[in-house]
file entry_23.pdb (PDB, C-alpha atoms, pLDDT in the B column)
ATOM      1  CA  MET R  37       3.987  -7.118   8.921  1.00 47.00           C
ATOM      2  CA  ALA R  38       1.566 -10.021   8.544  1.00 52.00           C
ATOM      3  CA  ILE R  39       2.116 -12.344   5.628  1.00 53.00           C
ATOM      4  CA  PHE R  40      -1.005 -13.762   4.070  1.00 52.00           C
ATOM      5  CA  LYS R  41      -0.837 -16.946   2.082  1.00 55.00           C
ATOM      6  CA  LYS R  42      -2.961 -17.199  -1.021  1.00 60.00           C
ATOM      7  CA  ASN R  43      -5.558 -19.924  -1.067  1.00 67.00           C
ATOM      8  CA  VAL R  44      -4.058 -22.726  -3.114  1.00 75.00           C
ATOM      9  CA  LYS R  45      -6.552 -24.735  -5.139  1.00 87.00           C
ATOM     10  CA  LYS R  46      -6.306 -28.400  -4.261  1.00 94.00           C
ATOM     11  CA  GLN R  47      -5.797 -31.088  -6.869  1.00 97.00           C
ATOM     12  CA  ARG R  48      -8.982 -33.005  -7.570  1.00 98.00           C
ATOM     13  CA  VAL R  49      -8.683 -36.787  -7.376  1.00 98.00           C
ATOM     14  CA  ILE R  50     -11.003 -39.571  -8.533  1.00 98.00           C
ATOM     15  CA  VAL R  51     -10.243 -43.124  -7.447  1.00 98.00           C
ATOM     16  CA  TYR R  52     -11.042 -45.998  -9.805  1.00 98.00           C
ATOM     17  CA  VAL R  53     -11.159 -49.471  -8.232  1.00 98.00           C
ATOM     18  CA  ASP R  54     -11.030 -52.692 -10.226  1.00 97.00           C
ATOM     19  CA  GLY R  55     -13.113 -54.782  -7.841  1.00 96.00           C
ATOM     20  CA  PHE R  56     -12.206 -58.328  -8.858  1.00 94.00           C
ATOM     21  CA  ASN R  57      -8.539 -57.521  -9.448  1.00 96.00           C
ATOM     22  CA  LEU R  58      -8.334 -55.999  -5.981  1.00 97.00           C
ATOM     23  CA  TYR R  59     -10.238 -58.865  -4.344  1.00 95.00           C
ATOM     24  CA  PHE R  60      -8.152 -61.653  -5.859  1.00 94.00           C
ATOM     25  CA  GLY R  61      -4.966 -59.723  -5.223  1.00 96.00           C
ATOM     26  CA  MET R  62      -5.850 -59.263  -1.552  1.00 95.00           C
ATOM     27  CA  THR R  63      -6.961 -62.842  -1.023  1.00 94.00           C
ATOM     28  CA  SER R  64      -3.882 -64.241  -2.771  1.00 94.00           C
ATOM     29  CA  LYS R  65      -1.821 -62.884   0.109  1.00 94.00           C
ATOM     30  CA  TYR R  66      -4.138 -61.978   2.992  1.00 92.00           C
ATOM     31  CA  LYS R  67      -7.020 -64.360   3.607  1.00 84.00           C
ATOM     32  CA  LYS R  68      -8.937 -62.302   6.176  1.00 87.00           C
ATOM     33  CA  ILE R  69      -8.726 -58.754   4.775  1.00 93.00           C
ATOM     34  CA  LYS R  70     -11.874 -58.478   2.670  1.00 96.00           C
ATOM     35  CA  TRP R  71     -14.162 -56.033   4.526  1.00 97.00           C
ATOM     36  CA  LEU R  72     -12.306 -53.093   2.978  1.00 98.00           C
ATOM     37  CA  ASP R  73     -13.583 -49.532   3.415  1.00 98.00           C
ATOM     38  CA  LEU R  74     -12.616 -48.067   0.055  1.00 98.00           C
ATOM     39  CA  LEU R  75     -13.596 -44.520   0.939  1.00 98.00           C
ATOM     40  CA  SER R  76     -11.322 -44.586   3.979  1.00 98.00           C
ATOM     41  CA  LEU R  77      -8.505 -46.184   1.972  1.00 98.00           C
ATOM     42  CA  SER R  78      -8.866 -43.613  -0.813  1.00 98.00           C
ATOM     43  CA  LYS R  79      -8.615 -40.726   1.632  1.00 98.00           C
ATOM     44  CA  GLU R  80      -5.480 -42.292   3.127  1.00 97.00           C
ATOM     45  CA  LEU R  81      -3.838 -42.393  -0.311  1.00 98.00           C
ATOM     46  CA  LEU R  82      -4.291 -38.653  -0.858  1.00 97.00           C
ATOM     47  CA  LYS R  83      -1.614 -36.069  -0.235  1.00 95.00           C
ATOM     48  CA  PRO R  84      -2.341 -32.900   1.799  1.00 95.00           C
ATOM     49  CA  HIS R  85      -2.713 -30.761  -1.344  1.00 95.00           C
ATOM     50  CA  GLN R  86      -5.335 -33.089  -2.830  1.00 97.00           C
ATOM     51  CA  GLU R  87      -9.074 -33.527  -2.359  1.00 98.00           C
ATOM     52  CA  LEU R  88     -11.239 -36.544  -3.100  1.00 98.00           C
ATOM     53  CA  VAL R  89     -13.941 -36.017  -5.716  1.00 98.00           C
ATOM     54  CA  GLU R  90     -15.290 -39.555  -6.016  1.00 98.00           C
ATOM     55  CA  VAL R  91     -14.547 -43.252  -5.563  1.00 98.00           C
ATOM     56  CA  LYS R  92     -15.767 -45.569  -8.327  1.00 98.00           C
ATOM     57  CA  TYR R  93     -15.948 -49.320  -7.764  1.00 98.00           C
ATOM     58  CA  PHE R  94     -16.124 -51.471 -10.891  1.00 97.00           C
ATOM     59  CA  THR R  95     -17.474 -54.989 -10.417  1.00 95.00           C
ATOM     60  CA  ALA R  96     -20.014 -57.539 -11.627  1.00 92.00           C
ATOM     61  CA  ARG R  97     -22.714 -59.353  -9.702  1.00 89.00           C
ATOM     62  CA  ILE R  98     -21.816 -62.983  -9.068  1.00 86.00           C
ATOM     63  CA  LYS R  99     -24.298 -65.553 -10.362  1.00 82.00           C
ATOM     64  CA  LYS R 100     -25.255 -69.156  -9.528  1.00 82.00           C
ATOM     65  CA  ASP R 101     -23.627 -69.209  -6.098  1.00 86.00           C
ATOM     66  CA  PRO R 102     -26.105 -67.956  -3.466  1.00 92.00           C
ATOM     67  CA  LEU R 103     -23.575 -67.772  -0.621  1.00 94.00           C
ATOM     68  CA  LYS R 104     -21.051 -65.762  -2.639  1.00 92.00           C
ATOM     69  CA  GLN R 105     -23.892 -63.595  -3.980  1.00 93.00           C
ATOM     70  CA  LYS R 106     -25.020 -62.787  -0.456  1.00 95.00           C
ATOM     71  CA  ARG R 107     -21.511 -61.884   0.728  1.00 96.00           C
ATOM     72  CA  GLN R 108     -20.927 -59.692  -2.316  1.00 95.00           C
ATOM     73  CA  SER R 109     -24.293 -57.937  -1.937  1.00 96.00           C
ATOM     74  CA  THR R 110     -23.590 -57.218   1.719  1.00 97.00           C
ATOM     75  CA  TYR R 111     -20.228 -55.710   0.821  1.00 98.00           C
ATOM     76  CA  ILE R 112     -21.665 -53.616  -2.019  1.00 97.00           C
ATOM     77  CA  ASP R 113     -24.355 -52.327   0.358  1.00 97.00           C
ATOM     78  CA  ALA R 114     -21.620 -51.202   2.746  1.00 98.00           C
ATOM     79  CA  LEU R 115     -19.685 -49.475  -0.047  1.00 98.00           C
ATOM     80  CA  GLU R 116     -22.736 -47.692  -1.472  1.00 98.00           C
ATOM     81  CA  ASP R 117     -23.790 -46.500   1.958  1.00 98.00           C
ATOM     82  CA  SER R 118     -20.324 -44.993   2.509  1.00 98.00           C
ATOM     83  CA  GLY R 119     -20.647 -42.978  -0.710  1.00 98.00           C
ATOM     84  CA  VAL R 120     -18.758 -45.184  -3.176  1.00 98.00           C
ATOM     85  CA  LYS R 121     -20.254 -45.263  -6.692  1.00 98.00           C
ATOM     86  CA  ILE R 122     -20.805 -48.776  -8.033  1.00 97.00           C
ATOM     87  CA  ILE R 123     -20.229 -49.291 -11.776  1.00 96.00           C
ATOM     88  CA  PRO R 124     -21.642 -52.705 -12.792  1.00 92.00           C
ATOM     89  CA  GLY R 125     -20.211 -55.003 -15.421  1.00 82.00           C
ATOM     90  CA  LYS R 126     -21.397 -58.488 -16.358  1.00 67.00           C
ATOM     91  CA  TYR R 127     -20.775 -61.946 -14.954  1.00 58.00           C
ATOM     92  CA  LEU R 128     -21.123 -64.474 -17.766  1.00 56.00           C
ATOM     93  CA  SER R 129     -21.029 -68.248 -18.073  1.00 54.00           C
ATOM     94  CA  LYS R 130     -18.559 -69.306 -20.749  1.00 53.00           C
ATOM     95  CA  PRO R 131     -18.395 -72.877 -22.133  1.00 52.00           C
ATOM     96  CA  LYS R 132     -15.064 -74.637 -21.653  1.00 49.00           C
ATOM     97  CA  ILE R 133     -13.713 -77.873 -23.110  1.00 56.00           C
ATOM     98  CA  CYS R 134     -10.731 -80.061 -22.247  1.00 51.00           C
ATOM     99  CA  PHE R 135      -8.968 -80.915 -25.500  1.00 56.00           C
ATOM    100  CA  ASN R 136      -7.296 -83.915 -23.877  1.00 61.00           C
ATOM    101  CA  CYS R 137     -10.351 -85.726 -22.473  1.00 60.00           C
ATOM    102  CA  GLY R 138     -13.245 -83.940 -24.180  1.00 56.00           C
ATOM    103  CA  SER R 139     -14.910 -82.917 -20.906  1.00 55.00           C
ATOM    104  CA  LYS R 140     -17.179 -79.861 -21.097  1.00 49.00           C
ATOM    105  CA  TRP R 141     -18.190 -77.424 -18.381  1.00 40.00           C
ATOM    106  CA  LYS R 142     -19.149 -73.807 -17.868  1.00 46.00           C
ATOM    107  CA  SER R 143     -16.827 -71.282 -16.272  1.00 49.00           C
ATOM    108  CA  ASN R 144     -18.092 -67.999 -14.855  1.00 50.00           C
ATOM    109  CA  GLU R 145     -16.113 -64.933 -15.892  1.00 61.00           C
ATOM    110  CA  GLU R 146     -16.391 -61.245 -15.102  1.00 63.00           C
ATOM    111  CA  LYS R 147     -16.667 -59.047 -18.192  1.00 68.00           C
ATOM    112  CA  MET R 148     -16.620 -55.340 -19.092  1.00 84.00           C
ATOM    113  CA  THR R 149     -14.763 -54.016 -16.038  1.00 92.00           C
ATOM    114  CA  ASP R 150     -11.649 -53.035 -17.993  1.00 93.00           C
ATOM    115  CA  VAL R 151     -13.815 -51.396 -20.683  1.00 94.00           C
ATOM    116  CA  ASN R 152     -15.873 -49.511 -18.096  1.00 96.00           C
ATOM    117  CA  ILE R 153     -12.755 -48.270 -16.307  1.00 97.00           C
ATOM    118  CA  SER R 154     -11.152 -47.220 -19.598  1.00 97.00           C
ATOM    119  CA  VAL R 155     -14.205 -45.261 -20.704  1.00 97.00           C
ATOM    120  CA  SER R 156     -14.632 -43.647 -17.311  1.00 98.00           C
ATOM    121  CA  LEU R 157     -10.964 -42.575 -17.089  1.00 98.00           C
ATOM    122  CA  ILE R 158     -11.118 -40.892 -20.487  1.00 98.00           C
ATOM    123  CA  ILE R 159     -14.615 -39.364 -20.224  1.00 98.00           C
ATOM    124  CA  ASP R 160     -13.833 -37.924 -16.783  1.00 98.00           C
ATOM    125  CA  ALA R 161     -10.623 -36.428 -18.198  1.00 98.00           C
ATOM    126  CA  MET R 162     -12.545 -34.927 -21.134  1.00 98.00           C
ATOM    127  CA  ASN R 163     -15.060 -33.410 -18.724  1.00 98.00           C
ATOM    128  CA  ASN R 164     -12.232 -32.089 -16.545  1.00 98.00           C
ATOM    129  CA  ARG R 165     -13.503 -33.901 -13.458  1.00 98.00           C
ATOM    130  CA  TYR R 166     -10.064 -34.678 -12.038  1.00 98.00           C
ATOM    131  CA  ASP R 167      -6.500 -33.438 -12.010  1.00 98.00           C
ATOM    132  CA  LYS R 168      -5.126 -36.786 -10.893  1.00 98.00           C
ATOM    133  CA  ALA R 169      -6.668 -40.219 -11.141  1.00 98.00           C
ATOM    134  CA  ILE R 170      -5.770 -43.034  -8.778  1.00 98.00           C
ATOM    135  CA  LEU R 171      -6.273 -46.462 -10.318  1.00 98.00           C
ATOM    136  CA  ILE R 172      -6.331 -49.518  -8.055  1.00 98.00           C
ATOM    137  CA  SER R 173      -5.690 -52.423 -10.398  1.00 98.00           C
ATOM    138  CA  GLY R 174      -2.987 -54.579 -11.908  1.00 97.00           C
ATOM    139  CA  ASP R 175      -4.818 -55.405 -15.133  1.00 96.00           C
ATOM    140  CA  SER R 176      -2.431 -54.842 -18.039  1.00 96.00           C
ATOM    141  CA  ASP R 177      -5.420 -54.190 -20.335  1.00 96.00           C
ATOM    142  CA  LEU R 178      -5.680 -50.793 -18.643  1.00 97.00           C
ATOM    143  CA  ALA R 179      -2.272 -49.641 -19.905  1.00 98.00           C
ATOM    144  CA  PRO R 180      -3.709 -48.216 -23.201  1.00 97.00           C
ATOM    145  CA  PRO R 181      -6.304 -45.919 -21.548  1.00 98.00           C
ATOM    146  CA  ILE R 182      -3.696 -44.695 -19.054  1.00 98.00           C
ATOM    147  CA  LYS R 183      -1.404 -43.850 -21.965  1.00 98.00           C
ATOM    148  CA  ALA R 184      -4.320 -42.197 -23.807  1.00 98.00           C
ATOM    149  CA  VAL R 185      -4.979 -39.894 -20.851  1.00 98.00           C
ATOM    150  CA  HIS R 186      -1.325 -38.859 -20.666  1.00 98.00           C
ATOM    151  CA  ASP R 187      -0.996 -38.420 -24.431  1.00 97.00           C
ATOM    152  CA  ASN R 188      -4.098 -36.249 -24.779  1.00 98.00           C
ATOM    153  CA  PHE R 189      -4.354 -34.339 -21.495  1.00 97.00           C
ATOM    154  CA  ASN R 190      -1.081 -32.721 -20.461  1.00 93.00           C
ATOM    155  CA  ASN R 191      -2.462 -31.624 -17.101  1.00 95.00           C
ATOM    156  CA  LYS R 192      -3.875 -35.037 -16.103  1.00 98.00           C
ATOM    157  CA  HIS R 193      -1.894 -37.732 -14.311  1.00 97.00           C
ATOM    158  CA  VAL R 194      -2.814 -41.341 -13.549  1.00 98.00           C
ATOM    159  CA  ILE R 195      -1.245 -42.891 -10.457  1.00 98.00           C
ATOM    160  CA  VAL R 196      -1.540 -46.658  -9.970  1.00 98.00           C
ATOM    161  CA  PHE R 197      -1.758 -48.620  -6.738  1.00 98.00           C
ATOM    162  CA  PHE R 198      -1.327 -52.314  -7.415  1.00 98.00           C
ATOM    163  CA  PRO R 199      -3.212 -54.843  -5.278  1.00 97.00           C
ATOM    164  CA  PRO R 200      -0.923 -57.440  -3.649  1.00 96.00           C
ATOM    165  CA  ASN R 201       0.677 -59.781  -6.211  1.00 96.00           C
ATOM    166  CA  ARG R 202      -0.760 -57.777  -9.124  1.00 96.00           C
ATOM    167  CA  ALA R 203       2.092 -55.440 -10.174  1.00 96.00           C
ATOM    168  CA  ASN R 204       3.052 -55.547 -13.838  1.00 93.00           C
ATOM    169  CA  LYS R 205       5.521 -53.767 -16.096  1.00 96.00           C
ATOM    170  CA  ALA R 206       2.996 -52.749 -18.780  1.00 97.00           C
ATOM    171  CA  ILE R 207       1.191 -50.462 -16.350  1.00 97.00           C
ATOM    172  CA  GLN R 208       4.365 -49.333 -14.588  1.00 97.00           C
ATOM    173  CA  LYS R 209       5.669 -48.134 -17.952  1.00 97.00           C
ATOM    174  CA  VAL R 210       2.731 -45.782 -18.657  1.00 98.00           C
ATOM    175  CA  ALA R 211       1.669 -44.688 -15.164  1.00 98.00           C
ATOM    176  CA  ARG R 212       3.086 -41.435 -13.774  1.00 96.00           C
ATOM    177  CA  SER R 213       4.016 -43.418 -10.677  1.00 97.00           C
ATOM    178  CA  SER R 214       3.025 -46.747  -9.142  1.00 97.00           C
ATOM    179  CA  PHE R 215       2.926 -48.332  -5.706  1.00 97.00           C
ATOM    180  CA  VAL R 216       1.804 -51.605  -4.140  1.00 97.00           C
ATOM    181  CA  LEU R 217      -0.919 -51.658  -1.503  1.00 97.00           C
ATOM    182  CA  GLY R 218       0.582 -53.197   1.609  1.00 95.00           C
ATOM    183  CA  ARG R 219      -0.979 -55.056   4.494  1.00 95.00           C
ATOM    184  CA  LYS R 220      -1.141 -51.912   6.637  1.00 96.00           C
ATOM    185  CA  ASN R 221      -3.004 -49.975   3.918  1.00 96.00           C
ATOM    186  CA  LEU R 222      -5.612 -52.726   3.820  1.00 97.00           C
ATOM    187  CA  SER R 223      -5.876 -53.721   7.486  1.00 96.00           C
ATOM    188  CA  ASP R 224      -6.075 -50.106   8.727  1.00 96.00           C
ATOM    189  CA  ASN R 225      -9.070 -49.374   6.503  1.00 97.00           C
ATOM    190  CA  GLN R 226     -11.614 -52.040   7.341  1.00 97.00           C
ATOM    191  CA  PHE R 227     -15.292 -51.346   8.005  1.00 97.00           C
ATOM    192  CA  LYS R 228     -16.574 -51.876  11.535  1.00 97.00           C
ATOM    193  CA  GLU R 229     -17.852 -55.437  11.958  1.00 96.00           C
ATOM    194  CA  LYS R 230     -21.416 -54.132  12.224  1.00 97.00           C
ATOM    195  CA  ILE R 231     -22.720 -51.190  10.211  1.00 97.00           C
ATOM    196  CA  THR R 232     -26.063 -49.418  10.462  1.00 97.00           C
ATOM    197  CA  LEU R 233     -26.933 -48.167   7.010  1.00 96.00           C
ATOM    198  CA  LYS R 234     -28.560 -44.795   6.433  1.00 95.00           C
ATOM    199  CA  ASN R 235     -31.894 -46.553   5.875  1.00 95.00           C
ATOM    200  CA  GLY R 236     -31.658 -48.107   9.338  1.00 96.00           C
ATOM    201  CA  VAL R 237     -30.794 -51.620   8.198  1.00 96.00           C
ATOM    202  CA  GLU R 238     -27.950 -53.265  10.100  1.00 97.00           C
ATOM    203  CA  ILE R 239     -25.404 -55.371   8.225  1.00 97.00           C
ATOM    204  CA  GLU R 240     -22.244 -57.076   9.371  1.00 97.00           C
ATOM    205  CA  ILE R 241     -19.120 -58.644   7.979  1.00 97.00           C
ATOM    206  CA  PRO R 242     -19.821 -62.141   6.574  1.00 95.00           C
ATOM    207  CA  ASN R 243     -18.737 -64.894   8.954  1.00 94.00           C
ATOM    208  CA  GLU R 244     -16.447 -66.354   6.298  1.00 93.00           C
ATOM    209  CA  TRP R 245     -14.501 -63.064   6.181  1.00 94.00           C
ATOM    210  CA  LYS R 246     -13.833 -62.810   9.911  1.00 89.00           C
TER
END

call {"tool": "encode", "arguments": {"input": "entry_23.pdb", "output": "structure tokens"}}
result
Amino acid sequence: MAIFKKNVKKQRVIVYVDGFNLYFGMTSKYKKIKWLDLLSLSKELLKPHQELVEVKYFTARIKKDPLKQKRQSTYIDALEDSGVKIIPGKYLSKPKICFNCGSKWKSNEEKMTDVNISVSLIIDAMNNRYDKAILISGDSDLAPPIKAVHDNFNNKHVIVFFPPNRANKAIQKVARSSFVLGRKNLSDNQFKEKITLKNGVEIEIPNEWK
């Protein structure tokens, strides 16, 4: 007698990527692994009973450094073309002062990423867009929204993948489980050196990233 298996509904997964946290984590340990295909990486992190709903990349456009701006824009073009959703924050100049010598200067800082991720995690849970969320970040400011999801949605789980050198206990305490992205995760999921976008434009990895 034939045995028929019932179709099992797969768990829906959204991946949330803290762009700057991931970048500085990667470059703190691996200098030449920057051309990262986040869609490919996200699919690799899934289990067989899961399906990918969306990958969201949270970042801010760099200002006042044309070379860095160009490299970032090229990378964002590659991500968008692959299907990753870009969620922009702000890149602001903040005045600094040395209290010892009185010197003044302006420091550029990325803002709003942690707020945007927090809001997105909770709104997507409210709208029942995922069963499990994968968060790629080591920012301890994201511990409260992770806890909020678990406290208010019994059927939602947040799993955290820390970038290299970015693991922290605050997030480990509230996440359902946590892992560290290793060199193989990152090196196995790089874009091809040259990419032809859907609009026909050809881009390639910045020379400084090779």

call {"tool": "resolve_selection", "arguments": {"input": "entry_23.pdb", "expression": "the PyMOL selection byres ((chain R and resi 111) around 12)", "output": "NGL selection string"}}
result
:R and (55 or 59 or 70-74 or 93 or 95 or 97 or 104-110 or 112-118 or 120 or 122 or 226-231 or 233 or 239-242 or 245)

call {"tool": "axis_aligned_box", "arguments": {"input": "entry_23.pdb", "around": "stretch 79-87 of chain R", "padding_each_side": "6 Å", "output": "lines of an AutoDock Vina configuration file"}}
result
center_x = -5.3
center_y = -36.6
center_z = 0.1
size_x = 19.5
size_y = 23.6
size_z = 18.0

call {"tool": "resolve_selection", "arguments": {"input": "entry_23.pdb", "expression": "the PyMOL selection byres ((chain R and resi 43-53) around 6)", "output": "PyMOL selection string"}}
result
chain R and resi 42+54-55+85-94+166-172

call {"tool": "write_last_selection", "arguments": {"input": "entry_23.pdb", "atoms": "C-alpha atoms", "output": "short mmCIF file (atom, residue, chain, number, x, y, z; two decimals), in the frame of the given file"}}
result
data_model
loop_
_atom_site.label_atom_id
_atom_site.label_comp_id
_atom_site.auth_asym_id
_atom_site.auth_seq_id
_atom_site.Cartn_x
_atom_site.Cartn_y
_atom_site.Cartn_z
CA LYS R 42 -2.96 -17.20 -1.02
CA ASP R 54 -11.03 -52.69 -10.23
CA GLY R 55 -13.11 -54.78 -7.84
CA HIS R 85 -2.71 -30.76 -1.34
CA GLN R 86 -5.34 -33.09 -2.83
CA GLU R 87 -9.07 -33.53 -2.36
CA LEU R 88 -11.24 -36.54 -3.10
CA VAL R 89 -13.94 -36.02 -5.72
CA GLU R 90 -15.29 -39.56 -6.02
CA VAL R 91 -14.55 -43.25 -5.56
CA LYS R 92 -15.77 -45.57 -8.33
CA TYR R 93 -15.95 -49.32 -7.76
CA PHE R 94 -16.12 -51.47 -10.89
CA TYR R 166 -10.06 -34.68 -12.04
CA ASP R 167 -6.50 -33.44 -12.01
CA LYS R 168 -5.13 -36.79 -10.89
CA ALA R 169 -6.67 -40.22 -11.14
CA ILE R 170 -5.77 -43.03 -8.78
CA LEU R 171 -6.27 -46.46 -10.32
CA ILE R 172 -6.33 -49.52 -8.06
#

call {"tool": "residues_around", "arguments": {"input": "entry_23.pdb", "residues": "R:Asn221", "least_positions_apart": "5", "cutoff": "12 Å", "atoms": "all atoms listed in the file", "output": "ChimeraX atom specification"}}
result
/R:62,69,72-74,76-81,197-200,215-216,226

call {"tool": "atom_distance", "arguments": {"input": "entry_23.pdb", "atom1": "atom CA of R:Asn235", "atom2": "atom CA of R:Ala96"}}
result
23.8 Å

call {"tool": "resolve_selection", "arguments": {"input": "entry_23.pdb", "expression": "the PyMOL selection byres ((chain R and resi 188-193) around 7)", "output": "list in words"}}
result
Asp167, Lys168, Ala169, Ala184, Val185, His186, Asp187, Val194, Ile195 and Arg212 of chain R

call {"tool": "atom_distance", "arguments": {"input": "entry_23.pdb", "atom1": "atom CA of R:Ala206", "atom2": "atom CA of R:Lys65"}}
result
22.0 Å

call {"tool": "atom_distance", "arguments": {"input": "entry_23.pdb", "atom1": "atom CA of R:Leu217", "atom2": "atom CA of R:Asp160"}}
result
24.3 Å
